[in-house]
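S.K.: Got upload25.pdb for you, PDB, C-alpha atoms:
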MODEL        1
ATOM      1  CA  MET U   1       0.000   0.000   0.000
ATOM      2  CA  SER U   2       1.415   3.390  -1.016
ATOM      3  CA  THR U   3       1.504   6.328   1.385
ATOM      4  CA  GLU U   4      -1.143   8.043  -0.778
ATOM      5  CA  GLU U   5      -3.444   5.028  -0.427
ATOM      6  CA  ALA U   6      -2.736   4.809   3.307
ATOM      7  CA  ALA U   7      -3.480   8.493   3.794
ATOM      8  CA  SER U   8      -6.725   8.181   1.847
ATOM      9  CA  ALA U   9      -7.794   5.169   3.924
ATOM     10  CA  LEU U  10      -6.904   6.940   7.169
ATOM     11  CA  ARG U  11      -8.910  10.020   6.229
ATOM     12  CA  ARG U  12     -11.962   7.785   5.892
ATOM     13  CA  LYS U  13     -11.499   6.274   9.358
ATOM     14  CA  ARG U  14     -13.796   7.292  12.158
ATOM     15  CA  GLY U  15     -12.030   9.778  14.404
ATOM     16  CA  ALA U  16      -9.718  11.145  11.674
ATOM     17  CA  HIS U  17     -11.495  14.524  11.615
ATOM     18  CA  GLY U  18      -9.181  17.336  12.691
ATOM     19  CA  LEU U  19      -5.925  15.433  12.094
ATOM     20  CA  HIS U  20      -5.511  16.804   8.533
ATOM     21  CA  ILE U  21      -3.924  13.582   7.318
ATOM     22  CA  SER U  22      -1.870  13.679   4.115
ATOM     23  CA  ALA U  23       0.506  11.341   2.285
ATOM     24  CA  GLU U  24       3.429  13.615   3.194
ATOM     25  CA  LYS U  25       2.591  13.450   6.876
ATOM     26  CA  ILE U  26       2.240   9.668   6.800
ATOM     27  CA  ARG U  27       5.600   9.428   5.019
ATOM     28  CA  ASP U  28       7.253  11.647   7.623
ATOM     29  CA  LEU U  29       5.634   9.631  10.404
ATOM     30  CA  GLU U  30       6.909   6.297   9.028
ATOM     31  CA  ARG U  31      10.442   7.662   8.546
ATOM     32  CA  GLY U  32      10.732   9.059  12.049
ATOM     33  CA  ARG U  33      10.688  12.688  10.951
ATOM     34  CA  GLY U  34       8.850  15.526  12.595
ATOM     35  CA  VAL U  35       5.309  15.833  11.268
ATOM     36  CA  ARG U  36       5.013  19.503  10.359
ATOM     37  CA  GLY U  37       1.655  21.143  10.755
ATOM     38  CA  TRP U  38       0.299  18.225  12.731
ATOM     39  CA  MET U  39      -0.756  19.168  16.227
ATOM     40  CA  TRP U  40      -0.325  15.903  18.095
ATOM     41  CA  GLY U  41      -2.147  17.015  21.183
ATOM     42  CA  SER U  42      -2.440  14.405  23.933
ATOM     43  CA  PRO U  43      -1.052  10.823  24.186
ATOM     44  CA  GLU U  44      -4.640   9.707  23.600
ATOM     45  CA  THR U  45      -4.517  11.427  20.190
ATOM     46  CA  LEU U  46      -1.275   9.595  19.386
ATOM     47  CA  GLY U  47      -2.937   6.344  20.394
ATOM     48  CA  ARG U  48      -5.893   7.087  18.142
ATOM     49  CA  VAL U  49      -3.543   7.605  15.180
ATOM     50  CA  ALA U  50      -1.613   4.403  15.960
ATOM     51  CA  HIS U  51      -4.844   2.417  16.223
ATOM     52  CA  MET U  52      -6.110   3.727  12.879
ATOM     53  CA  ILE U  53      -2.806   2.885  11.180
ATOM     54  CA  ALA U  54      -2.999  -0.663  12.549
ATOM     55  CA  GLN U  55      -6.510  -1.015  11.139
ATOM     56  CA  VAL U  56      -5.508   0.286   7.705
ATOM     57  CA  TYR U  57      -2.474  -1.999   7.448
ATOM     58  CA  ARG U  58      -4.379  -4.911   9.015
ATOM     59  CA  VAL U  59      -1.831  -5.649  11.720
ATOM     60  CA  PRO U  60      -2.213  -5.879  15.509
ATOM     61  CA  ASP U  61      -1.997  -2.617  17.454
ATOM     62  CA  ARG U  62       1.180  -3.797  19.145
ATOM     63  CA  VAL U  63       3.016  -4.002  15.784
ATOM     64  CA  VAL U  64       2.415  -0.295  15.163
ATOM     65  CA  MET U  65       3.170   0.603  18.781
ATOM     66  CA  ASP U  66       6.495  -1.262  18.741
ATOM     67  CA  ALA U  67       7.517   0.369  15.441
ATOM     68  CA  TRP U  68       6.433   3.767  16.777
ATOM     69  CA  ARG U  69       8.650   3.502  19.836
ATOM     70  CA  ARG U  70      11.640   2.342  17.796
ATOM     71  CA  SER U  71      11.372   5.089  15.168
ATOM     72  CA  ARG U  72      10.022   7.943  17.312
ATOM     73  CA  PRO U  73      11.552   7.583  20.800
ATOM     74  CA  GLU U  74      11.183  11.308  21.503
ATOM     75  CA  ASP U  75       7.403  11.330  21.036
ATOM     76  CA  PRO U  76       5.128  11.026  24.075
ATOM     77  CA  LEU U  77       4.050   7.437  24.704
ATOM     78  CA  PRO U  78       0.793   6.833  22.738
ATOM     79  CA  VAL U  79      -2.199   5.630  24.719
ATOM     80  CA  LEU U  80      -4.413   3.293  22.718
ATOM     81  CA  PRO U  81      -8.205   3.636  22.874
ATOM     82  CA  VAL U  82      -9.831   1.548  25.604
ATOM     83  CA  ARG U  83     -11.218  -1.708  24.265
ATOM     84  CA  ARG U  84     -14.962  -1.913  24.519
ATOM     85  CA  PRO U  85     -16.389  -5.266  25.604
ATOM     86  CA  ARG U  86     -18.233  -7.069  22.866
ATOM     87  CA  GLN U  87     -21.962  -7.392  23.253
ATOM     88  CA  PRO U  88     -23.462 -10.893  22.891
ATOM     89  CA  SER U  89     -24.557 -11.452  19.322
ATOM     90  CA  GLU U  90     -28.243 -11.896  18.617
ATOM     91  CA  GLU U  91     -27.388 -14.983  16.584
ATOM     92  CA  SER U  92     -25.815 -16.688  19.618
ATOM     93  CA  MET U  93     -28.750 -15.782  21.826
ATOM     94  CA  ALA U  94     -31.195 -17.091  19.215
ATOM     95  CA  VAL U  95     -29.388 -20.451  19.192
ATOM     96  CA  TRP U  96     -29.574 -20.589  22.997
ATOM     97  CA  ARG U  97     -33.278 -19.791  23.028
ATOM     98  CA  ALA U  98     -33.902 -22.637  20.568
ATOM     99  CA  LEU U  99     -32.446 -25.193  23.015
ATOM    100  CA  ASN U 100     -34.643 -26.946  25.548
ATOM    101  CA  GLU U 101     -33.782 -26.915  29.244
ATOM    102  CA  ARG U 102     -31.895 -30.213  29.224
ATOM    103  CA  GLN U 103     -29.842 -29.239  26.181
ATOM    104  CA  ARG U 104     -28.914 -25.952  27.844
ATOM    105  CA  THR U 105     -27.806 -27.841  30.945
ATOM    106  CA  TYR U 106     -25.597 -30.119  28.863
ATOM    107  CA  LEU U 107     -24.033 -27.218  26.964
ATOM    108  CA  THR U 108     -23.429 -25.319  30.210
ATOM    109  CA  CYS U 109     -21.711 -28.265  31.926
ATOM    110  CA  ILE U 110     -19.573 -29.060  28.890
ATOM    111  CA  PHE U 111     -18.586 -25.384  28.529
ATOM    112  CA  ARG U 112     -17.633 -25.041  32.196
ATOM    113  CA  HIS U 113     -15.457 -28.145  32.007
ATOM    114  CA  ASP U 114     -13.874 -26.804  28.810
ATOM    115  CA  GLN U 115     -12.975 -23.578  30.622
ATOM    116  CA  GLU U 116     -11.583 -25.475  33.602
ATOM    117  CA  VAL U 117      -9.337 -27.553  31.367
ATOM    118  CA  GLU U 118      -8.207 -24.445  29.486
ATOM    119  CA  GLU U 119      -7.253 -22.768  32.763
ATOM    120  CA  GLU U 120      -5.350 -25.876  33.867
ATOM    121  CA  GLN U 121      -3.362 -25.764  30.637
ATOM    122  CA  ARG U 122      -2.682 -22.048  31.097
ATOM    123  CA  GLN U 123      -1.355 -22.609  34.595
ATOM    124  CA  ALA U 124       0.798 -25.527  33.424
ATOM    125  CA  ARG U 125       2.323 -23.300  30.756
ATOM    126  CA  LEU U 126       3.119 -20.586  33.302
ATOM    127  CA  VAL U 127       5.139 -23.009  35.449
ATOM    128  CA  GLY U 128       6.964 -24.415  32.434
ATOM    129  CA  ALA U 129       5.282 -27.828  32.337
ATOM    130  CA  GLU U 130       5.242 -29.838  29.130
ATOM    131  CA  GLN U 131       2.423 -28.680  26.872
ATOM    132  CA  ARG U 132      -0.165 -31.045  25.401
ATOM    133  CA  PRO U 133      -1.622 -30.285  21.977
ATOM    134  CA  ALA U 134      -4.965 -28.469  22.152
ATOM    135  CA  ALA U 135      -6.458 -31.097  19.841
ATOM    136  CA  GLU U 136      -5.803 -33.559  22.662
ATOM    137  CA  TRP U 137      -6.970 -31.731  25.781
ATOM    138  CA  ARG U 138      -9.957 -30.066  24.136
ATOM    139  CA  ARG U 139     -11.536 -33.528  23.726
ATOM    140  CA  MET U 140     -13.107 -34.203  27.106
ATOM    141  CA  THR U 141     -14.489 -37.495  28.333
ATOM    142  CA  LEU U 142     -18.247 -37.265  28.719
ATOM    143  CA  ALA U 143     -19.193 -40.844  29.496
ATOM    144  CA  VAL U 144     -17.767 -44.353  29.786
ATOM    145  CA  SER U 145     -20.168 -47.250  29.156
ATOM    146  CA  ALA U 146     -19.581 -49.114  32.391
ATOM    147  CA  SER U 147     -21.073 -49.229  35.844
ATOM    148  CA  SER U 148     -20.411 -46.081  37.864
ATOM    149  CA  ASP U 149     -19.657 -48.355  40.809
ATOM    150  CA  VAL U 150     -16.541 -49.431  38.891
ATOM    151  CA  VAL U 151     -15.452 -46.373  36.870
ATOM    152  CA  GLY U 152     -17.135 -43.572  38.801
ATOM    153  CA  TYR U 153     -18.405 -40.416  37.107
ATOM    154  CA  THR U 154     -16.602 -38.120  34.718
ATOM    155  CA  ARG U 155     -16.222 -34.446  35.638
ATOM    156  CA  ILE U 156     -18.902 -33.484  33.147
ATOM    157  CA  GLN U 157     -21.267 -36.116  34.570
ATOM    158  CA  GLU U 158     -20.626 -34.776  38.061
ATOM    159  CA  GLY U 159     -21.631 -31.314  36.850
ATOM    160  CA  LEU U 160     -24.747 -32.735  35.222
ATOM    161  CA  ARG U 161     -25.716 -34.628  38.369
ATOM    162  CA  ALA U 162     -25.283 -31.453  40.425
ATOM    163  CA  ALA U 163     -27.718 -29.807  37.994
ATOM    164  CA  GLY U 164     -30.243 -32.634  38.445
ATOM    165  CA  VAL U 165     -29.463 -34.634  35.278
ATOM    166  CA  HIS U 166     -28.673 -38.263  36.061
ATOM    167  CA  ASP U 167     -28.692 -40.044  32.684
ATOM    168  CA  PRO U 168     -25.469 -41.511  31.229
ATOM    169  CA  GLY U 169     -24.785 -38.438  29.085
ATOM    170  CA  ALA U 170     -24.564 -39.828  25.559
ATOM    171  CA  GLY U 171     -28.118 -39.598  24.282
ATOM    172  CA  SER U 172     -30.449 -37.268  22.412
ATOM    173  CA  SER U 173     -29.358 -34.044  24.122
ATOM    174  CA  VAL U 174     -25.757 -34.547  23.040
ATOM    175  CA  ALA U 175     -26.886 -35.427  19.520
ATOM    176  CA  ALA U 176     -28.978 -32.250  19.361
ATOM    177  CA  LEU U 177     -26.001 -30.099  20.369
ATOM    178  CA  GLU U 178     -23.865 -31.759  17.714
ATOM    179  CA  ARG U 179     -26.500 -31.220  15.013
ATOM    180  CA  ARG U 180     -26.482 -27.506  15.805
ATOM    181  CA  GLY U 181     -22.681 -27.346  15.476
ATOM    182  CA  LEU U 182     -22.118 -26.538  19.164
ATOM    183  CA  ILE U 183     -20.032 -29.616  19.998
ATOM    184  CA  VAL U 184     -18.250 -32.429  18.190
ATOM    185  CA  VAL U 185     -18.787 -35.973  19.502
ATOM    186  CA  TYR U 186     -16.110 -38.673  19.335
ATOM    187  CA  ARG U 187     -16.777 -42.318  20.102
ATOM    188  CA  ASP U 188     -13.980 -44.779  20.720
ATOM    189  CA  ARG U 189     -13.034 -47.496  23.173
ATOM    190  CA  LEU U 190     -11.079 -47.370  26.402
ATOM    191  CA  TYR U 191      -9.289 -50.236  28.141
ATOM    192  CA  VAL U 192     -10.220 -50.608  31.822
ATOM    193  CA  ASP U 193      -8.602 -53.226  34.054
ATOM    194  CA  GLY U 194     -11.014 -56.022  34.777
ATOM    195  CA  LEU U 195     -13.462 -54.865  32.106
ATOM    196  CA  GLY U 196     -11.414 -54.860  28.918
ATOM    197  CA  ASP U 197     -12.259 -52.471  26.043
ATOM    198  CA  ILE U 198     -15.404 -50.478  26.772
ATOM    199  CA  PRO U 199     -17.151 -47.742  24.738
ATOM    200  CA  ARG U 200     -16.253 -44.148  25.550
ATOM    201  CA  THR U 201     -17.888 -40.884  24.463
ATOM    202  CA  ARG U 202     -15.824 -37.705  24.265
ATOM    203  CA  VAL U 203     -16.941 -34.187  23.345
ATOM    204  CA  GLU U 204     -15.233 -31.051  22.112
ATOM    205  CA  MET U 205     -16.667 -27.544  22.119
ATOM    206  CA  THR U 206     -16.736 -25.742  18.781
ATOM    207  CA  ARG U 207     -16.067 -22.010  18.520
ATOM    208  CA  ARG U 208     -19.761 -21.534  17.864
ATOM    209  CA  GLY U 209     -20.604 -23.547  20.967
ATOM    210  CA  ARG U 210     -18.333 -21.403  23.129
ATOM    211  CA  ALA U 211     -19.795 -18.223  21.664
ATOM    212  CA  VAL U 212     -23.337 -19.372  22.454
ATOM    213  CA  ALA U 213     -22.427 -20.444  25.988
ATOM    214  CA  ARG U 214     -20.536 -17.209  26.695
ATOM    215  CA  ALA U 215     -23.432 -15.094  25.430
ATOM    216  CA  ALA U 216     -26.062 -16.989  27.414
ATOM    217  CA  LEU U 217     -24.065 -17.254  30.643
ATOM    218  CA  GLY U 218     -22.612 -13.757  30.526
ATOM    219  CA  VAL U 219     -19.027 -15.013  30.496
ATOM    220  CA  PRO U 220     -16.733 -12.493  28.754
ATOM    221  CA  ARG U 221     -13.996 -13.704  26.479
ATOM    222  CA  GLU U 222     -10.562 -13.479  28.091
ATOM    223  CA  ALA U 223      -9.387 -10.132  26.757
ATOM    224  CA  GLY U 224      -5.773 -10.442  27.835
ATOM    225  CA  PRO U 225      -3.599  -7.445  28.701
ATOM    226  CA  PRO U 226      -4.167  -4.174  26.841
ATOM    227  CA  ALA U 227      -1.950  -3.630  23.812
ATOM    228  CA  PRO U 228       0.990  -3.306  23.706
ATOM    229  CA  LEU U 229       1.516  -5.080  27.051
ATOM    230  CA  LEU U 230       2.629  -8.706  27.294
ATOM    231  CA  SER U 231       0.766 -11.650  28.771
ATOM    232  CA  LEU U 232       1.827 -12.855  32.225
ATOM    233  CA  TRP U 233       3.690 -15.761  30.618
ATOM    234  CA  LEU U 234       5.765 -13.515  28.329
ATOM    235  CA  TRP U 235       6.282 -10.849  31.000
ATOM    236  CA  LYS U 236       7.853 -13.455  33.296
ATOM    237  CA  ILE U 237      10.345 -14.282  30.529
ATOM    238  CA  MET U 238      11.145 -10.598  30.039
ATOM    239  CA  VAL U 239      11.726 -10.123  33.763
ATOM    240  CA  ARG U 240      14.033 -13.145  33.834
ATOM    241  CA  VAL U 241      16.132 -11.849  30.925
ATOM    242  CA  ALA U 242      16.230  -8.331  32.372
ATOM    243  CA  ARG U 243      17.423  -9.625  35.740
ATOM    244  CA  ALA U 244      20.203 -11.598  34.045
ATOM    245  CA  GLY U 245      21.711  -8.344  32.768
ATOM    246  CA  ALA U 246      25.094  -8.674  31.060
ATOM    247  CA  GLN U 247      25.239 -12.395  31.906
ATOM    248  CA  GLY U 248      22.250 -13.229  29.736
ATOM    249  CA  VAL U 249      20.024 -16.273  30.025
ATOM    250  CA  ASP U 250      21.080 -19.631  28.639
ATOM    251  CA  GLY U 251      19.178 -21.871  26.251
ATOM    252  CA  SER U 252      16.767 -22.962  28.983
ATOM    253  CA  LEU U 253      14.283 -20.468  27.540
ATOM    254  CA  ALA U 254      12.487 -23.287  25.788
ATOM    255  CA  GLY U 255       9.066 -23.387  24.204
ATOM    256  CA  ARG U 256       7.307 -20.760  22.116
ATOM    257  CA  GLY U 257       7.986 -17.780  24.385
ATOM    258  CA  PRO U 258      11.224 -16.683  22.695
ATOM    259  CA  HIS U 259       9.537 -16.889  19.292
ATOM    260  CA  TYR U 260       7.035 -14.238  20.379
ATOM    261  CA  LEU U 261       9.644 -12.018  22.033
ATOM    262  CA  ALA U 262      12.797 -12.397  19.939
ATOM    263  CA  VAL U 263      13.936 -10.577  16.838
ATOM    264  CA  GLY U 264      12.252 -12.181  13.826
ATOM    265  CA  GLN U 265       8.790 -13.357  12.910
ATOM    266  CA  SER U 266       6.086 -14.504  15.304
ATOM    267  CA  PRO U 267       4.662 -18.045  15.153
ATOM    268  CA  ASP U 268       1.720 -16.929  13.007
ATOM    269  CA  GLY U 269       4.200 -16.444  10.143
ATOM    270  CA  ARG U 270       2.753 -13.032   9.264
ATOM    271  CA  THR U 271       3.412 -10.404  11.925
ATOM    272  CA  PRO U 272       6.810  -9.473  13.389
ATOM    273  CA  SER U 273       7.822 -10.723  16.811
ATOM    274  CA  ARG U 274       8.307  -8.103  19.491
ATOM    275  CA  GLY U 275      12.071  -7.827  19.040
ATOM    276  CA  PHE U 276      12.576  -7.457  22.807
ATOM    277  CA  ILE U 277      15.205 -10.190  23.266
ATOM    278  CA  VAL U 278      17.988 -11.518  21.047
ATOM    279  CA  LEU U 279      20.088 -14.702  21.061
ATOM    280  CA  ARG U 280      23.766 -13.804  20.722
ATOM    281  CA  HIS U 281      27.214 -14.240  22.230
ATOM    282  CA  PRO U 282      27.903 -12.234  25.395
ATOM    283  CA  ASP U 283      29.711  -8.917  24.850
ATOM    284  CA  GLY U 284      33.365  -9.456  24.034
ATOM    285  CA  VAL U 285      32.900 -13.171  23.272
ATOM    286  CA  ALA U 286      33.202 -14.445  19.700
ATOM    287  CA  HIS U 287      32.499 -18.151  20.221
ATOM    288  CA  GLY U 288      30.848 -20.618  22.558
ATOM    289  CA  PRO U 289      27.202 -20.852  23.643
ATOM    290  CA  TYR U 290      24.681 -18.182  22.725
ATOM    291  CA  ARG U 291      22.608 -16.494  25.418
ATOM    292  CA  TRP U 292      19.449 -14.363  25.548
ATOM    293  CA  PHE U 293      19.758 -10.608  26.149
ATOM    294  CA  LEU U 294      17.419  -7.627  26.118
ATOM    295  CA  THR U 295      17.476  -5.471  23.011
ATOM    296  CA  ASP U 296      17.224  -1.684  23.168
ATOM    297  CA  SER U 297      13.541  -2.060  22.305
ATOM    298  CA  GLY U 298      13.127  -4.507  25.176
ATOM    299  CA  ARG U 299      14.713  -2.091  27.651
ATOM    300  CA  SER U 300      12.533   0.745  26.380
ATOM    301  CA  HIS U 301       9.423  -1.396  26.697
ATOM    302  CA  ILE U 302      10.206  -2.184  30.336
ATOM    303  CA  ILE U 303      10.981   1.458  31.149
ATOM    304  CA  ASN U 304       7.837   2.722  29.429
ATOM    305  CA  HIS U 305       5.425   0.198  30.925
ATOM    306  CA  LEU U 306       6.923  -0.992  34.222
ATOM    307  CA  ASP U 307       4.305   0.751  36.371
ATOM    308  CA  ALA U 308       1.511  -0.710  34.242
ATOM    309  CA  TYR U 309       2.953  -4.223  34.596
ATOM    310  CA  ARG U 310       3.270  -3.846  38.352
ATOM    311  CA  GLY U 311      -0.415  -3.019  38.495
ATOM    312  CA  LEU U 312      -1.396  -5.781  36.088
ATOM    313  CA  TYR U 313       0.758  -8.575  37.561
ATOM    314  CA  PRO U 314       1.469  -7.644  41.200
ATOM    315  CA  SER U 315       2.642 -11.179  42.042
ATOM    316  CA  ILE U 316       5.741 -10.798  39.815
ATOM    317  CA  ASP U 317       8.726  -9.421  41.711
ATOM    318  CA  THR U 318      10.092  -6.480  39.722
ATOM    319  CA  GLU U 319      12.088  -4.852  42.516
ATOM    320  CA  GLY U 320      15.254  -3.318  41.102
ATOM    321  CA  LEU U 321      14.084  -3.751  37.536
ATOM    322  CA  ASP U 322      14.146   0.025  37.072
ATOM    323  CA  GLU U 323      17.915   0.015  37.551
ATOM    324  CA  SER U 324      18.586  -3.239  35.653
ATOM    325  CA  SER U 325      16.853  -1.821  32.584
ATOM    326  CA  ASP U 326      18.978   1.340  32.434
TER     327      ASP U 326
ENDMDL
END
Once more with this new file: its structure as structure tokens, please.

M.R.:
Amino acid sequence: MSTEEAASALRRKRGAHGLHISAEKIRDLERGRGVRGWMWGSPETLGRVAHMIAQVYRVPDRVVMDAWRRSRPEDPLPVLPVRRPRQPSEESMAVWRALNERQRTYLTCIFRHDQEVEEEQRQARLVGAEQRPAAEWRRMTLAVSASSDVVGYTRIQEGLRAAGVHDPGAGSSVAALERRGLIVVYRDRLYVDGLGDIPRTRVEMTRRGRAVARAALGVPREAGPPAPLLSLWLWKIMVRVARAGAQGVDGSLAGRGPHYLAVGQSPDGRTPSRGFIVLRHPDGVAHGPYRWFLTDSGRSHIINHLDAYRGLYPSIDTEGLDESSD
């Protein structure tokens, strides 16, 4: 997209009135020059411009914010517009209203178990435990075709029983949810000592199913930290690298975290990574093992947002981080 096209698209954006956007000003902005004749006003105005640019170029807000801080370090720190919570869609509510009481109970219990499992996986990731593929843990056991005296009840069945539903959990209600595209049902066999191979029913929530359950139950989607802040998981990595200082952190930074934070491309293969850490030799060393260090952008990010992180993640010890980031 040319600067002329970008300027034209920005002028059509809601909130562009009064900014007097032109191709020349966009070009100066992208090249780190002073934007003549452009009264920036408040950090909120800067944030509004950054948000509109992200929309025009179809990239996340954080991509524009990171580039802004690298190319325009003297500008005030932009403040992005506050995200407004999404209202439940009428389509989701219509699907919920079409379900009978028993079907709603099934969908509710399956959704709550899905959210519990998702939270368990999130906590496991935060402590560095080995990650299971989502395609594996999203499939939850609903029922096992054997006496409950022998195999007990599954977690979903326990939720159903607490709601007053005592059938095995693999009948018409489940089939109705699957027909509506709210869940996917898998049937296989499970070996149980003393019983041999017995039939098992597993279920997986679809995106549509989660949307319907969230809308009906008033459960907001996890919004995550406001852009351009990092998730708790990634912030813990940043704090660890910052604390290491000139020593750096060794290759124990395993998993996908470094791919989101390091110089290069993020795991989605489209947007840049944050560029906050880099794998290199320590200063003055030309060979041997590589270690992780903060980049200038990483130090600036910590300096600019340390107070916000302390408010967002108070359990993370950041004492002395002000000095270690200098």

S.K.: List the residues matched by the PyMOL selection byres ((chain U and resi 296) around 10) in the displayed structure as number ranges by chain, ordered by chain and then by residue number.

M.R.: U: 70, 275-277, 293-295, 297-301, 325-326

S.K.: Starting from the shown file, work through the PyMOL selection byres ((chain U and resi 302-316) around 12) and note down what comes out as an MDAnalysis selection string.

M.R.: chainID U and resid 65:66 69 73 76:79 224:243 276:277 294:301 317:326

S.K.: In Å, with one decimal, what is the gap from CA of Ala143 in chain U to CA of Arg202 in chain U?

M.R.: 7.0 Å

S.K.: Which of these residues is nearest to Ala23 in chain U, using all atoms listed in the file: U:Leu253, U:Leu160, U:Ala9, U:Val150?

M.R.: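 Closest residue, counting all atoms listed in the file: U:Ala9.
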
S.K.: Evaluating the PyMOL selection byres ((chain U and resi 154-158) around 12) on the displayed file yields which residues, as JSON, numbers by chain?

M.R.: {"U": [105, 106, 107, 108, 109, 110, 111, 112, 113, 114, 115, 116, 117, 139, 140, 141, 142, 143, 144, 145, 146, 148, 151, 152, 153, 159, 160, 161, 162, 163, 164, 165, 166, 167, 168, 169, 170, 200, 201, 202, 203, 204]}

S.K.: Near range 30-36 of chain U, counting all atoms listed in the file, which residues have an atom at most 12 Å away, once you skip same-chain residues fewer than 6 positions from it, shown as a VMD selection string?

M.R.: chain U and resid 2 to 3 6 to 7 19 to 24 50 53 64 to 65 67 to 75

S.K.: Keeping only C-alpha atoms, write the selected residues as a PDB file, keeping the file's coordinate frame.

M.R.:
ATOM      1  CA  SER U   2       1.415   3.390  -1.016  1.00  0.00           C
ATOM      2  CA  THR U   3       1.504   6.328   1.385  1.00  0.00           C
ATOM      3  CA  ALA U   6      -2.736   4.809   3.307  1.00  0.00           C
ATOM      4  CA  ALA U   7      -3.480   8.493   3.794  1.00  0.00           C
ATOM      5  CA  LEU U  19      -5.925  15.433  12.094  1.00  0.00           C
ATOM      6  CA  HIS U  20      -5.511  16.804   8.533  1.00  0.00           C
ATOM      7  CA  ILE U  21      -3.924  13.582   7.318  1.00  0.00           C
ATOM      8  CA  SER U  22      -1.870  13.679   4.115  1.00  0.00           C
ATOM      9  CA  ALA U  23       0.506  11.341   2.285  1.00  0.00           C
ATOM     10  CA  GLU U  24       3.429  13.615   3.194  1.00  0.00           C
ATOM     11  CA  ALA U  50      -1.613   4.403  15.960  1.00  0.00           C
ATOM     12  CA  ILE U  53      -2.806   2.885  11.180  1.00  0.00           C
ATOM     13  CA  VAL U  64       2.415  -0.295  15.163  1.00  0.00           C
ATOM     14  CA  MET U  65       3.170   0.603  18.781  1.00  0.00           C
ATOM     15  CA  ALA U  67       7.517   0.369  15.441  1.00  0.00           C
ATOM     16  CA  TRP U  68       6.433   3.767  16.777  1.00  0.00           C
ATOM     17  CA  ARG U  69       8.650   3.502  19.836  1.00  0.00           C
ATOM     18  CA  ARG U  70      11.640   2.342  17.796  1.00  0.00           C
ATOM     19  CA  SER U  71      11.372   5.089  15.168  1.00  0.00           C
ATOM     20  CA  ARG U  72      10.022   7.943  17.312  1.00  0.00           C
ATOM     21  CA  PRO U  73      11.552   7.583  20.800  1.00  0.00           C
ATOM     22  CA  GLU U  74      11.183  11.308  21.503  1.00  0.00           C
ATOM     23  CA  ASP U  75       7.403  11.330  21.036  1.00  0.00           C
TER      24      ASP U  75
END

S.K.: So the first atom is CA of Leu177 in chain U and the second is CA of Gly209 in chain U; what is the distance between them in Å, to one decimal place?

M.R.: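 The value is 8.5 Å.
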
S.K.: Could you tell me how far CA of Ala98 in chain U lies from CA of Arg208 in chain U, in Å and to one decimal?

M.R.: 14.4 Å

S.K.: How big is the axis-aligned box around the listed atoms of range 120-123 of chain U once 6 Å is added on each side, and where is its centre? Give both in Å to one decimal, as lines of an AutoDock Vina configuration file.

M.R.:
center_x = -3.4
center_y = -24.0
center_z = 32.6
size_x = 16.0
size_y = 15.8
size_z = 16.0

S.K.: Find the residue from U:Leu99, U:Val82, U:Ala246, U:Ile26 that sits nearest to Gly47 in chain U; use only C-alpha atoms when measuring.

M.R.: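 Going through U:Leu99, U:Val82, U:Ala246, U:Ile26 one by one, the smallest distance to Gly47 in chain U is for U:Val82.
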
S.K.: Given the choices U:Asp28, U:Glu90, U:Trp96, U:Met52, which gets closest to Ser8 in chain U if the distance is worked out from all atoms listed in the file?

M.R.: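 Closest candidate: U:Met52.
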
S.K.: Select, from U:Val63, U:Tyr191, U:Glu4, U:Leu46, the residue with the minimum atom-to-atom distance to Tyr260 in chain U, counting all atoms listed in the file.

M.R.: U:Val63

S.K.: Counting all atoms listed in the file, figure out which residue out of U:Ala262, U:Ala94, U:Val219, U:Tyr186 gets nearest to Pro199 in chain U.

M.R.: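 Of U:Ala262, U:Ala94, U:Val219, U:Tyr186, the one nearest Pro199 in chain U is U:Tyr186, counting all atoms listed in the file.
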
S.K.: Quick one: of U:Ser147, U:Thr45, U:Gln123, U:Ser173, who's nearest to Glu101 in chain U, counting all atoms listed in the file?

M.R.: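 Among U:Ser147, U:Thr45, U:Gln123, U:Ser173, it is U:Ser173 that comes nearest to Glu101 in chain U.
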